[in-house]
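Shown next: work.cif, given as mmCIF, C-alpha atoms (C1' of nucleotides).
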data_final
#
loop_
_atom_site.label_atom_id
_atom_site.label_comp_id
_atom_site.auth_asym_id
_atom_site.auth_seq_id
_atom_site.Cartn_x
_atom_site.Cartn_y
_atom_site.Cartn_z
CA MET O 163 36.62 -7.62 -2.97
CA LEU O 164 33.44 -5.82 -2.13
CA THR O 165 31.18 -7.19 -4.82
CA THR O 166 31.37 -10.82 -3.88
CA LYS O 167 29.02 -13.28 -5.45
CA LYS O 168 27.03 -13.19 -2.25
CA THR O 169 26.42 -9.44 -2.25
CA ILE O 170 25.45 -9.54 -5.90
CA ARG O 171 22.85 -12.19 -5.29
CA ARG O 172 21.68 -10.25 -2.29
CA GLN O 173 21.17 -7.22 -4.48
CA VAL O 174 19.18 -9.31 -6.95
CA ILE O 175 16.89 -10.32 -4.11
CA LEU O 176 16.47 -6.69 -3.03
CA ASP O 177 15.75 -5.51 -6.58
CA GLU O 178 13.23 -8.23 -7.21
CA ALA O 179 11.64 -7.55 -3.84
CA ALA O 180 11.26 -3.87 -4.70
CA LYS O 181 9.47 -4.77 -7.92
CA LEU O 182 7.12 -7.15 -6.15
CA PHE O 183 6.47 -4.82 -3.22
CA LYS O 184 5.61 -2.08 -5.68
CA GLU O 185 3.27 -4.34 -7.60
CA LYS O 186 1.54 -6.21 -4.80
CA GLY O 187 2.49 -4.34 -1.65
CA TYR O 188 4.70 -5.51 1.22
CA GLY O 189 1.96 -7.48 2.92
CA GLY O 190 0.79 -8.92 -0.37
CA THR O 191 4.18 -10.30 -1.28
CA SER O 192 5.15 -13.62 0.28
CA MET O 193 8.66 -14.90 0.69
CA ARG O 194 7.69 -17.78 -1.58
CA ASP O 195 6.58 -15.35 -4.30
CA LEU O 196 9.85 -13.51 -4.02
CA ALA O 197 11.89 -16.68 -4.01
CA GLY O 198 10.13 -17.82 -7.17
CA ASN O 199 11.04 -14.61 -8.96
CA VAL O 200 14.65 -14.90 -7.86
CA GLY O 201 14.91 -18.55 -8.83
CA LEU O 202 15.32 -20.02 -5.38
CA GLU O 203 13.28 -21.72 -2.71
CA ALA O 204 12.06 -19.47 0.08
CA ALA O 205 14.32 -21.09 2.65
CA SER O 206 17.43 -20.54 0.53
CA MET O 207 17.08 -16.78 0.64
CA TYR O 208 17.87 -16.80 4.32
CA ASN O 209 21.50 -17.32 3.41
CA TYR O 210 21.49 -13.80 2.00
CA ILE O 211 19.10 -11.87 4.19
CA LYS O 212 18.03 -12.05 7.81
CA GLY O 213 14.31 -11.92 7.09
CA LYS O 214 11.53 -10.10 5.32
CA ASP O 215 11.89 -7.12 7.63
CA GLU O 216 15.49 -6.62 6.65
CA ILE O 217 14.63 -6.49 2.96
CA LEU O 218 12.25 -3.61 3.55
CA GLU O 219 14.76 -1.93 5.83
CA LEU O 220 17.58 -2.02 3.30
CA ILE O 221 15.42 -0.69 0.49
CA CYS O 222 14.02 2.18 2.54
CA GLN O 223 17.35 3.13 4.07
CA ARG O 224 19.08 3.25 0.72
CA ILE O 225 16.49 5.54 -0.85
CA ALA O 226 16.28 7.77 2.21
CA GLY O 227 20.05 8.14 2.11
CA ILE O 228 20.00 9.20 -1.54
CA TYR O 229 17.28 11.78 -0.94
CA ILE O 230 19.13 13.32 1.96
CA SER O 231 22.47 13.43 0.24
CA GLN O 232 20.92 15.06 -2.82
CA LEU O 233 19.41 17.78 -0.66
CA HIS O 234 22.71 18.24 1.12
CA ASP O 235 24.55 18.68 -2.18
CA ILE O 236 22.12 21.29 -3.42
CA GLU O 237 22.16 23.22 -0.17
CA GLN O 238 25.88 23.86 -0.53
CA THR O 239 25.54 25.29 -4.04
CA GLU O 240 25.77 29.00 -4.79
CA ALA O 241 22.68 29.82 -6.83
CA THR O 242 19.28 31.49 -6.74
CA TYR O 243 16.58 29.72 -4.79
CA ALA O 244 14.72 29.07 -8.00
CA ALA O 245 17.78 27.35 -9.42
CA LYS O 246 18.19 25.28 -6.28
CA VAL O 247 14.59 24.14 -6.27
CA GLU O 248 14.78 23.36 -9.96
CA ALA O 249 17.91 21.29 -9.48
CA LEU O 250 16.29 19.37 -6.64
CA ILE O 251 13.19 18.65 -8.70
CA ARG O 252 15.30 17.38 -11.55
CA LEU O 253 17.33 15.12 -9.30
CA HIS O 254 14.15 13.66 -7.86
CA ILE O 255 12.61 12.96 -11.20
CA ARG O 256 15.75 11.24 -12.36
CA LEU O 257 15.84 9.10 -9.26
CA MET O 258 12.31 7.98 -9.90
CA VAL O 259 12.95 7.15 -13.50
CA GLU O 260 16.05 5.16 -12.59
CA GLU O 261 14.90 3.55 -9.36
CA GLY O 262 11.14 3.42 -9.74
CA PRO O 263 10.40 0.31 -7.71
CA ALA O 264 12.67 1.12 -4.78
CA VAL O 265 11.36 4.68 -4.57
CA SER O 266 7.84 3.34 -4.66
CA VAL O 267 8.56 1.06 -1.73
CA ALA O 268 10.11 3.89 0.27
CA ASN O 269 7.05 5.98 -0.48
CA HIS O 270 4.34 3.46 0.31
CA ASP O 271 5.61 0.56 2.41
CA TRP O 272 7.79 2.37 4.92
CA LYS O 273 4.95 2.10 7.42
CA TYR O 274 5.55 -1.62 7.75
CA LEU O 275 9.10 -1.07 9.05
CA PRO O 276 9.69 -2.65 12.48
CA GLU O 277 10.04 -0.27 15.33
CA PRO O 278 13.50 1.01 15.73
CA GLN O 279 13.78 1.64 11.98
CA LEU O 280 10.32 3.11 11.65
CA THR O 281 11.09 6.12 13.84
CA GLU O 282 14.48 6.43 12.21
CA PHE O 283 12.91 6.59 8.77
CA LYS O 284 10.24 9.06 9.83
CA ASP O 285 12.85 11.30 11.41
CA ALA O 286 14.97 11.20 8.29
CA ARG O 287 11.99 12.11 6.16
CA LYS O 288 11.00 14.95 8.44
CA SER O 289 14.47 16.43 8.44
CA TYR O 290 14.52 16.17 4.66
CA GLU O 291 11.19 17.94 4.35
CA GLN O 292 12.31 20.67 6.71
CA GLY O 293 15.43 21.25 4.66
CA PHE O 294 13.42 21.49 1.45
CA ALA O 295 10.85 23.73 3.12
CA ARG O 296 13.60 26.06 4.28
CA LEU O 297 14.69 26.48 0.67
CA VAL O 298 11.17 27.41 -0.35
CA GLU O 299 10.70 29.72 2.60
CA GLU O 300 13.92 31.60 1.98
CA GLY O 301 12.97 31.88 -1.67
CA ILE O 302 9.73 33.53 -0.68
CA GLN O 303 11.47 35.92 1.68
CA ALA O 304 14.01 36.75 -1.01
CA GLY O 305 11.10 37.72 -3.24
CA GLU O 306 11.76 34.99 -5.79
CA PHE O 307 8.57 33.07 -5.09
CA GLN O 308 5.00 34.17 -4.55
CA PRO O 309 3.87 34.25 -0.93
CA LEU O 310 2.30 30.82 -0.47
CA HIS O 311 2.37 28.77 2.68
CA PRO O 312 5.77 27.08 2.43
CA SER O 313 4.50 23.67 3.42
CA VAL O 314 1.73 23.78 0.84
CA ALA O 315 4.23 24.70 -1.85
CA LEU O 316 6.59 22.03 -0.61
CA PHE O 317 4.09 19.20 -0.63
CA THR O 318 2.65 20.28 -3.94
CA ILE O 319 6.11 19.98 -5.44
CA LEU O 320 6.96 16.70 -3.75
CA SER O 321 3.69 15.08 -4.71
CA ALA O 322 3.69 16.44 -8.21
CA VAL O 323 7.04 14.78 -8.67
CA ARG O 324 5.90 11.55 -7.11
CA TRP O 325 3.49 10.57 -9.84
CA VAL O 326 6.44 9.86 -12.09
CA GLU O 327 7.09 6.68 -10.19
CA LEU O 328 3.44 5.72 -10.37
CA TRP O 329 2.49 6.47 -13.93
CA TYR O 330 5.48 7.18 -16.12
CA ARG O 331 6.59 4.40 -18.41
CA PRO O 332 9.60 5.11 -20.64
CA GLY O 333 9.28 4.53 -24.35
CA ARG O 334 5.71 5.65 -24.71
CA GLY O 335 6.24 8.73 -26.80
CA LEU O 336 7.64 10.77 -23.98
CA SER O 337 11.34 10.89 -23.18
CA ALA O 338 12.67 11.36 -19.68
CA GLU O 339 14.02 14.75 -20.71
CA GLU O 340 10.71 16.05 -22.03
CA LEU O 341 9.08 14.80 -18.88
CA GLU O 342 11.56 16.58 -16.68
CA ASN O 343 11.30 19.83 -18.60
CA ASP O 344 7.52 19.94 -18.59
CA ILE O 345 7.22 19.22 -14.88
CA VAL O 346 9.87 21.77 -13.99
CA ALA O 347 8.25 24.35 -16.26
CA MET O 348 4.87 23.88 -14.66
CA LEU O 349 6.01 23.79 -11.04
CA LEU O 350 8.52 26.61 -11.18
CA LYS O 351 6.16 28.86 -13.06
CA GLY O 352 3.53 28.13 -10.46
CA LEU O 353 5.91 29.01 -7.70
CA ALA O 354 7.46 32.11 -9.27
CA LYS O 355 6.40 35.63 -8.39
CA MET Q 263 -37.10 2.88 5.05
CA LEU Q 264 -33.71 2.95 3.38
CA THR Q 265 -31.53 3.64 6.39
CA THR Q 266 -32.37 0.57 8.38
CA LYS Q 267 -30.34 -0.33 11.42
CA LYS Q 268 -28.57 -2.85 9.29
CA THR Q 269 -27.37 -0.44 6.63
CA ILE Q 270 -26.18 1.97 9.29
CA ARG Q 271 -24.10 -0.65 10.98
CA ARG Q 272 -22.83 -1.69 7.60
CA GLN Q 273 -21.65 1.85 6.97
CA VAL Q 274 -19.90 1.90 10.32
CA ILE Q 275 -17.99 -1.18 9.27
CA LEU Q 276 -17.05 0.41 5.93
CA ASP Q 277 -15.93 3.65 7.57
CA GLU Q 278 -13.85 1.89 10.16
CA ALA Q 279 -12.38 -0.35 7.48
CA ALA Q 280 -11.36 2.68 5.42
CA LYS Q 281 -9.53 4.12 8.41
CA LEU Q 282 -7.72 0.88 9.11
CA PHE Q 283 -6.88 0.21 5.47
CA LYS Q 284 -5.42 3.68 5.22
CA GLU Q 285 -3.37 3.20 8.34
CA LYS Q 286 -2.15 -0.36 7.93
CA GLY Q 287 -2.97 -1.27 4.35
CA TYR Q 288 -5.52 -3.76 3.06
CA GLY Q 289 -3.27 -6.76 3.54
CA GLY Q 290 -2.14 -5.53 6.93
CA THR Q 291 -5.66 -5.26 8.29
CA SER Q 292 -7.26 -8.45 9.56
CA MET Q 293 -10.95 -9.06 9.92
CA ARG Q 294 -10.34 -9.51 13.64
CA ASP Q 295 -8.68 -6.08 13.84
CA LEU Q 296 -11.60 -4.53 12.05
CA ALA Q 297 -14.15 -6.35 14.18
CA GLY Q 298 -12.41 -5.12 17.30
CA ASN Q 299 -12.65 -1.51 16.14
CA VAL Q 300 -16.32 -1.93 15.32
CA GLY Q 301 -17.13 -3.65 18.59
CA LEU Q 302 -18.00 -7.08 17.24
CA GLU Q 303 -16.43 -10.46 16.79
CA ALA Q 304 -15.05 -11.19 13.34
CA ALA Q 305 -17.71 -13.78 12.59
CA SER Q 306 -20.51 -11.35 13.41
CA MET Q 307 -19.55 -8.96 10.65
CA TYR Q 308 -20.58 -11.51 8.09
CA ASN Q 309 -24.17 -10.59 8.88
CA TYR Q 310 -23.48 -7.24 7.24
CA ILE Q 311 -20.93 -7.90 4.52
CA LYS Q 312 -20.14 -10.80 2.25
CA GLY Q 313 -16.43 -10.77 2.95
CA LYS Q 314 -13.28 -8.72 3.06
CA ASP Q 315 -13.30 -8.34 -0.73
CA GLU Q 316 -16.68 -6.71 -0.68
CA ILE Q 317 -15.58 -4.09 1.82
CA LEU Q 318 -12.80 -2.98 -0.48
CA GLU Q 319 -15.15 -3.11 -3.44
CA LEU Q 320 -17.77 -0.88 -1.86
CA ILE Q 321 -15.24 1.71 -0.75
CA CYS Q 322 -13.52 1.89 -4.13
CA GLN Q 323 -16.73 1.94 -6.13
CA ARG Q 324 -18.21 4.74 -4.06
CA ILE Q 325 -15.17 6.99 -4.44
CA ALA Q 326 -14.80 6.21 -8.14
CA GLY Q 327 -18.44 7.14 -8.62
CA ILE Q 328 -17.99 10.49 -6.92
CA TYR Q 329 -14.93 11.32 -9.00
CA ILE Q 330 -16.68 10.52 -12.23
CA SER Q 331 -19.85 12.38 -11.41
CA GLN Q 332 -17.86 15.46 -10.40
CA LEU Q 333 -16.08 15.42 -13.73
CA HIS Q 334 -19.35 14.96 -15.53
CA ASP Q 335 -20.88 17.95 -13.76
CA ILE Q 336 -17.97 20.19 -14.62
CA GLU Q 337 -17.92 19.12 -18.26
CA GLN Q 338 -21.45 20.38 -18.73
CA THR Q 339 -20.65 23.84 -17.38
CA GLU Q 340 -20.25 26.90 -19.61
CA ALA Q 341 -16.93 28.45 -18.61
CA THR Q 342 -13.33 28.92 -19.63
CA TYR Q 343 -11.10 25.88 -19.46
CA ALA Q 344 -9.14 27.52 -16.67
CA ALA Q 345 -12.33 27.91 -14.67
CA LYS Q 346 -13.29 24.30 -15.31
CA VAL Q 347 -9.93 22.97 -14.22
CA GLU Q 348 -10.00 25.18 -11.17
CA ALA Q 349 -13.43 23.96 -10.20
CA LEU Q 350 -12.34 20.36 -10.60
CA ILE Q 351 -9.27 20.89 -8.46
CA ARG Q 352 -11.37 22.47 -5.75
CA LEU Q 353 -13.88 19.64 -5.76
CA HIS Q 354 -11.09 17.11 -5.45
CA ILE Q 355 -9.44 18.85 -2.55
CA ARG Q 356 -12.75 19.05 -0.74
CA LEU Q 357 -13.40 15.38 -1.29
CA MET Q 358 -10.05 14.54 0.22
CA VAL Q 359 -10.58 16.73 3.23
CA GLU Q 360 -14.00 15.23 3.85
CA GLU Q 361 -13.37 11.62 2.89
CA GLY Q 362 -9.67 11.21 3.55
CA PRO Q 363 -9.59 7.53 4.50
CA ALA Q 364 -11.89 6.31 1.73
CA VAL Q 365 -10.02 8.31 -0.90
CA SER Q 366 -6.77 6.94 0.40
CA VAL Q 367 -8.05 3.40 0.01
CA ALA Q 368 -9.26 4.07 -3.53
CA ASN Q 369 -5.84 5.52 -4.32
CA HIS Q 370 -3.65 2.82 -2.82
CA ASP Q 371 -5.50 -0.42 -2.23
CA TRP Q 372 -7.51 -0.71 -5.43
CA LYS Q 373 -4.92 -3.15 -6.72
CA TYR Q 374 -6.16 -5.78 -4.30
CA LEU Q 375 -9.63 -5.80 -5.84
CA PRO Q 376 -10.68 -9.24 -7.09
CA GLU Q 377 -10.82 -9.70 -10.78
CA PRO Q 378 -14.07 -8.58 -12.27
CA GLN Q 379 -14.00 -5.39 -10.19
CA LEU Q 380 -10.32 -4.73 -10.75
CA THR Q 381 -10.74 -4.20 -14.48
CA GLU Q 382 -13.91 -2.26 -13.86
CA PHE Q 383 -12.11 0.10 -11.52
CA LYS Q 384 -9.16 0.55 -13.84
CA ASP Q 385 -11.46 1.29 -16.74
CA ALA Q 386 -13.36 3.85 -14.70
CA ARG Q 387 -10.14 5.53 -13.69
CA LYS Q 388 -8.85 5.57 -17.24
CA SER Q 389 -12.03 7.12 -18.58
CA TYR Q 390 -11.88 9.70 -15.82
CA GLU Q 391 -8.28 10.57 -16.64
CA GLN Q 392 -9.11 10.84 -20.32
CA GLY Q 393 -11.94 13.21 -19.59
CA PHE Q 394 -9.72 15.40 -17.46
CA ALA Q 395 -6.94 15.25 -20.04
CA ARG Q 396 -9.36 16.39 -22.73
CA LEU Q 397 -10.12 19.48 -20.68
CA VAL Q 398 -6.44 20.28 -20.41
CA GLU Q 399 -5.81 19.58 -24.07
CA GLU Q 400 -8.64 21.78 -25.24
CA GLY Q 401 -7.40 24.48 -22.89
CA ILE Q 402 -4.02 24.33 -24.55
CA GLN Q 403 -5.53 24.48 -28.03
CA ALA Q 404 -7.71 27.40 -27.00
CA GLY Q 405 -4.54 29.22 -25.97
CA GLU Q 406 -5.44 29.36 -22.30
CA PHE Q 407 -2.67 27.08 -21.14
CA GLN Q 408 0.99 26.84 -22.06
CA PRO Q 409 1.88 24.07 -24.51
CA LEU Q 410 2.84 21.22 -22.18
CA HIS Q 411 2.22 17.57 -22.82
CA PRO Q 412 -1.38 17.17 -21.67
CA SER Q 413 -0.75 13.98 -19.75
CA VAL Q 414 2.17 15.49 -17.88
CA ALA Q 415 0.06 18.47 -16.91
CA LEU Q 416 -2.79 16.17 -15.95
CA PHE Q 417 -0.79 13.91 -13.69
CA THR Q 418 1.04 16.82 -12.15
CA ILE Q 419 -2.30 18.27 -11.15
CA LEU Q 420 -3.78 14.99 -9.96
CA SER Q 421 -0.77 14.12 -7.87
CA ALA Q 422 -0.32 17.58 -6.49
CA VAL Q 423 -3.86 17.34 -5.23
CA ARG Q 424 -3.35 13.88 -3.85
CA TRP Q 425 -0.94 14.83 -1.12
CA VAL Q 426 -3.78 16.46 0.74
CA GLU Q 427 -5.08 13.08 1.75
CA LEU Q 428 -1.61 11.99 2.82
CA TRP Q 429 -0.29 14.95 4.74
CA TYR Q 430 -2.99 17.46 5.52
CA ARG Q 431 -4.39 17.45 9.05
CA PRO Q 432 -7.07 20.04 9.81
CA GLY Q 433 -6.57 22.33 12.75
CA ARG Q 434 -2.84 22.75 12.43
CA GLY Q 435 -2.71 26.42 11.58
CA LEU Q 436 -3.98 25.94 8.05
CA SER Q 437 -7.66 26.05 7.17
CA ALA Q 438 -9.17 24.01 4.36
CA GLU Q 439 -9.86 27.21 2.49
CA GLU Q 440 -6.32 28.52 2.66
CA LEU Q 441 -5.12 25.14 1.55
CA GLU Q 442 -7.43 25.11 -1.42
CA ASN Q 443 -6.52 28.62 -2.48
CA ASP Q 444 -2.77 28.07 -2.29
CA ILE Q 445 -2.86 24.85 -4.25
CA VAL Q 446 -5.12 26.30 -6.92
CA ALA Q 447 -2.96 29.41 -7.16
CA MET Q 448 0.17 27.41 -7.67
CA LEU Q 449 -1.21 24.88 -10.11
CA LEU Q 450 -3.21 27.25 -12.28
CA LYS Q 451 -0.40 29.74 -12.48
CA GLY Q 452 1.89 26.92 -13.53
CA LEU Q 453 -0.52 25.89 -16.22
CA ALA Q 454 -1.45 29.32 -17.52
CA LYS Q 455 0.11 30.84 -20.62
"C1'" DT W 1 -47.24 -15.75 25.72
"C1'" DC W 2 -45.66 -18.30 21.95
"C1'" DT W 3 -43.39 -18.15 17.65
"C1'" DT W 4 -40.46 -16.45 14.11
"C1'" DC W 5 -36.68 -13.96 12.52
"C1'" DT W 6 -32.54 -11.60 13.28
"C1'" DT W 7 -28.17 -10.91 15.40
"C1'" DA W 8 -23.96 -12.20 18.00
"C1'" DC W 9 -20.79 -15.55 19.45
"C1'" DG W 10 -17.22 -19.41 20.25
"C1'" DA W 11 -15.11 -23.03 18.01
"C1'" DA W 12 -13.33 -24.92 14.25
"C1'" DC W 13 -11.91 -25.19 9.20
"C1'" DA W 14 -8.37 -25.09 5.64
"C1'" DT W 15 -4.73 -22.04 3.85
"C1'" DT W 16 -1.09 -19.25 3.98
"C1'" DT W 17 2.28 -16.83 6.41
"C1'" DG W 18 7.58 -16.19 7.93
"C1'" DT W 19 10.97 -18.93 9.56
"C1'" DT W 20 13.98 -22.90 11.23
"C1'" DA W 21 16.32 -27.52 11.19
"C1'" DG W 22 18.70 -31.02 8.96
"C1'" DA W 23 20.38 -33.43 5.07
"C1'" DG W 24 22.51 -33.60 0.83
"C1'" DA W 25 24.87 -31.41 -3.18
"C1'" DA W 26 28.28 -28.18 -4.98
"C1'" DA W 27 32.34 -25.34 -4.61
"C1'" DA W 28 36.36 -24.05 -2.66
"C1'" DT W 29 40.50 -25.07 -0.17
"C1'" DC W 30 44.20 -27.94 0.90
"C1'" DG R 208 41.71 -36.67 -4.23
"C1'" DA R 209 40.21 -35.46 0.46
"C1'" DT R 210 38.23 -32.16 3.44
"C1'" DT R 211 36.03 -28.29 4.69
"C1'" DT R 212 32.96 -24.66 3.72
"C1'" DT R 213 29.11 -22.74 1.29
"C1'" DC R 214 24.92 -23.21 -0.67
"C1'" DT R 215 20.15 -25.19 -1.68
"C1'" DC R 216 16.61 -28.11 -0.94
"C1'" DT R 217 12.55 -30.66 1.44
"C1'" DA R 218 9.92 -30.91 5.51
"C1'" DA R 219 8.02 -29.07 9.18
"C1'" DC R 220 6.74 -25.49 12.71
"C1'" DA R 221 3.62 -22.22 15.05
"C1'" DA R 222 1.01 -18.35 14.25
"C1'" DA R 223 -2.29 -15.78 11.73
"C1'" DT R 224 -5.45 -15.46 7.99
"C1'" DG R 225 -10.60 -15.30 5.92
"C1'" DT R 226 -14.52 -17.78 6.47
"C1'" DT R 227 -18.31 -21.27 7.91
"C1'" DC R 228 -21.27 -23.78 11.22
"C1'" DG R 229 -24.19 -24.52 14.94
"C1'" DT R 230 -26.05 -22.48 18.88
"C1'" DA R 231 -27.91 -19.35 21.96
"C1'" DA R 232 -29.68 -14.86 23.11
"C1'" DG R 233 -32.48 -10.92 21.62
"C1'" DA R 234 -36.20 -8.40 19.04
"C1'" DA R 235 -40.41 -8.36 16.56
"C1'" DG R 236 -44.91 -10.10 15.32
"C1'" DA R 237 -48.90 -13.05 16.30
#
Whole structure given in structure tokens:
Amino acid sequence: MLTTKKTIRRQVILDEAAKLFKEKGYGGTSMRDLAGNVGLEAASMYNYIKGKDEILELICQRIAGIYISQLHDIEQTEATYAAKVEALIRLHIRLMVEEGPAVSVANHDWKYLPEPQLTEFKDARKSYEQGFARLVEEGIQAGEFQPLHPSVALFTILSAVRWVELWYRPGRGLSAEELENDIVAMLLKGLAK
Amino acid sequence: MLTTKKTIRRQVILDEAAKLFKEKGYGGTSMRDLAGNVGLEAASMYNYIKGKDEILELICQRIAGIYISQLHDIEQTEATYAAKVEALIRLHIRLMVEEGPAVSVANHDWKYLPEPQLTEFKDARKSYEQGFARLVEEGIQAGEFQPLHPSVALFTILSAVRWVELWYRPGRGLSAEELENDIVAMLLKGLAK
DNA sequence: TCTTCTTACGAACATTTGTTAGAGAAAATC
DNA sequence: GATTTTCTCTAACAAATGTTCGTAAGAAGA
């Protein structure tokens, strides 16, 4: 079977690592800290992972993969550009609500990736941004959006969505749906012609 | 005089530290790294600063102070809420263009502040956010803005502005003015009724 | 010139870091 | 029940960390 006891425990380590990395940063989190939170000694974790590097790698790669596949899905839809951008924004917000810590790590700690993976990650991110920017650009040319610089519009959207992972806490008088609707309302209205 | 040779050198250390912290993180920057960039040995820097903690402290406190005083200035203006929010957004963007590294440190590495200053910083930030949120809230009540949740609108603005420090590089076919105008256009239009 | 004060340095410090080796316990297989 | 495999621990490692100490060179003041 695919979900052996080993892979489950491995995932527990990765999840706990994401939480700690988010809270204290990659450099600020020691293997002993992590081990404590998992309920193991530091040395024991090396039965599940190759090293600290690999933990960061796996987290970043997984999130990058999700981002890219979400973009890919949307690109193949038949819809207005506004609808496509809206769908993408909603997917991103949901990802952040569901996978806050991992997304946070991919957003902040990717720079500590060792070298082959670092370039890989940066390339993936760039290609993702270019794909998203193309959507915005075509929307402008189609007359759906006001004529802003595409990259400014792009980064304004991406960053505006990013705060969710930093500041949103569920169950504080604001549901995930309300959140999503308000952000989409504000960003799309700002973009629209 | 106030700008003795000592305080100048001290500022060089702080500036260089901000750059390094931004690039490699607080935990990822060693005193030896920093000393190398300043042109000193690590031990020699202790003639200018008390320790690594203090460097972070001084950077964060300075930026927090600027943020708060900017808000304070705007609050005392006579203008529409839209004009106030716009002015605040513009001030923030300018600060990020001019003080990119220091702002980055105050945004990302504040969590490594030692304990009396950590609470101090968090309190300052909270009071700043509340002040900004009040502006948005009153704007909504005055009918200038559409009825979003004030905190969602607030954080969308703050984060949308924040990417400037992360992604904007001057002299790449986009002037600081164009940048400012596009961001303001998008955010205020999104907020407006 | 002699003295005092400041600045820079090399060496060393105690800790903490990620990681490995080896031994013993537990689980799985026969 | 015996044997093999998998897991977990303690102990130790080399390297890197922030910081201190004592010393020597430099600048400033007498």
Name the residues captured by the PyMOL selection byres ((chain R and resi 213-220) around 12) when it is applied to the shown file; answer as a short mmCIF file (atom, residue, chain, number, x, y, z; two decimals) with C-alpha atoms (C1' of nucleotides), keeping the file's coordinate frame.
data_model
loop_
_atom_site.label_atom_id
_atom_site.label_comp_id
_atom_site.auth_asym_id
_atom_site.auth_seq_id
_atom_site.Cartn_x
_atom_site.Cartn_y
_atom_site.Cartn_z
CA LYS O 167 29.02 -13.28 -5.45
CA LYS O 168 27.03 -13.19 -2.25
CA GLY O 201 14.91 -18.55 -8.83
CA LEU O 202 15.32 -20.02 -5.38
CA GLU O 203 13.28 -21.72 -2.71
CA ALA O 204 12.06 -19.47 0.08
CA ALA O 205 14.32 -21.09 2.65
CA SER O 206 17.43 -20.54 0.53
CA MET O 207 17.08 -16.78 0.64
CA TYR O 208 17.87 -16.80 4.32
CA ASN O 209 21.50 -17.32 3.41
CA TYR O 210 21.49 -13.80 2.00
"C1'" DT W 17 2.28 -16.83 6.41
"C1'" DG W 18 7.58 -16.19 7.93
"C1'" DT W 19 10.97 -18.93 9.56
"C1'" DT W 20 13.98 -22.90 11.23
"C1'" DA W 21 16.32 -27.52 11.19
"C1'" DG W 22 18.70 -31.02 8.96
"C1'" DA W 23 20.38 -33.43 5.07
"C1'" DG W 24 22.51 -33.60 0.83
"C1'" DA W 25 24.87 -31.41 -3.18
"C1'" DA W 26 28.28 -28.18 -4.98
"C1'" DA W 27 32.34 -25.34 -4.61
"C1'" DA W 28 36.36 -24.05 -2.66
"C1'" DT W 29 40.50 -25.07 -0.17
"C1'" DT R 211 36.03 -28.29 4.69
"C1'" DT R 212 32.96 -24.66 3.72
"C1'" DA R 221 3.62 -22.22 15.05
"C1'" DA R 222 1.01 -18.35 14.25
#
Within 8 Å of chain Q, which residues of chain W are there when counting only C-alpha atoms (C1' of nucleotides)? Please give them as a PyMOL selection string.
chain W and resi 7-9
Can you translate the PyMOL selection byres ((chain R) within 10 of (chain Q)) into the concrete residues it hits in this file, as a list in words?
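This file gives the following for the PyMOL selection byres ((chain R) within 10 of (chain Q)): DA223, DT224, DG225, DT226 and DT227 of chain R.
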Would you kindly translate the PyMOL selection byres ((chain O) within 6 of (chain Q)) into the concrete residues it picks from this file, as an MDAnalysis selection string?
chainID O and resid 189 318 321:322 325 348:349 351:353
Keeping only C-alpha atoms, write those residues as a PDB file, in the coordinates of the input.
ATOM      1  CA  GLY O 189       1.960  -7.480   2.920  1.00  0.00           C
ATOM      2  CA  THR O 318       2.650  20.280  -3.940  1.00  0.00           C
ATOM      3  CA  SER O 321       3.690  15.080  -4.710  1.00  0.00           C
ATOM      4  CA  ALA O 322       3.690  16.440  -8.210  1.00  0.00           C
ATOM      5  CA  TRP O 325       3.490  10.570  -9.840  1.00  0.00           C
ATOM      6  CA  MET O 348       4.870  23.880 -14.660  1.00  0.00           C
ATOM      7  CA  LEU O 349       6.010  23.790 -11.040  1.00  0.00           C
ATOM      8  CA  LYS O 351       6.160  28.860 -13.060  1.00  0.00           C
ATOM      9  CA  GLY O 352       3.530  28.130 -10.460  1.00  0.00           C
ATOM     10  CA  LEU O 353       5.910  29.010  -7.700  1.00  0.00           C
TER      11      LEU O 353
END
Provide the atom CA of O:Val247 to atom CA of O:Leu233 distance in Å, to one decimal place.
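Atom-to-atom, atom CA of O:Val247 to atom CA of O:Leu233, that is 9.8 Å.
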So how far away is atom CA of O:Ile221 from atom CA of O:Asp177, in Å?
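Spanning atom CA of O:Asp177 to atom CA of O:Ile221 is a straight-line distance of 8.6 Å.
The space separating atom CA of O:Ala304 from atom CA of O:Leu250 comes to 18.4 Å.
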Got a sec: who's within 10 Å of O:Glu216, counting only C-alpha atoms (C1' of nucleotides), leaving out chain neighbours fewer than 6 positions off, as a PyMOL selection string?
chain O and resi 176+222+275-276+279
Tell me, as number ranges by chain, which residues lie within 12 Å of W:DT3, counting only C-alpha atoms (C1' of nucleotides); anything in the same chain fewer than 6 positions away does not count.
R: 235-237
Go ahead and write the selection's residues with C-alpha atoms (C1' of nucleotides) as a PDB file, in the frame of the given file.
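Final output, part-v3.pdb:
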ATOM      1  C1'  DA R 235     -40.410  -8.360  16.560  1.00  0.00           C
ATOM      2  C1'  DG R 236     -44.910 -10.100  15.320  1.00  0.00           C
ATOM      3  C1'  DA R 237     -48.900 -13.050  16.300  1.00  0.00           C
TER       4       DA R 237
END
Once you add 8 Å to each side, what are the centre and edge lengths of the axis-aligned box holding all listed atoms of stretch 216-229 of chain R? One decimal in Å, as AutoDock Vina command-line options, if you can.
--center_x -3.8 --center_y -23.1 --center_z 7.1 --size_x 56.8 --size_y 31.6 --size_z 32.0
Return the single residue from Q:Thr342, Q:Gln323, Q:Thr269, Q:Asn299 that is closest to Q:Asp385, with distances computed using all atoms listed in the file.
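Ranked by minimum distance to Q:Asp385, first place goes to Q:Gln323.
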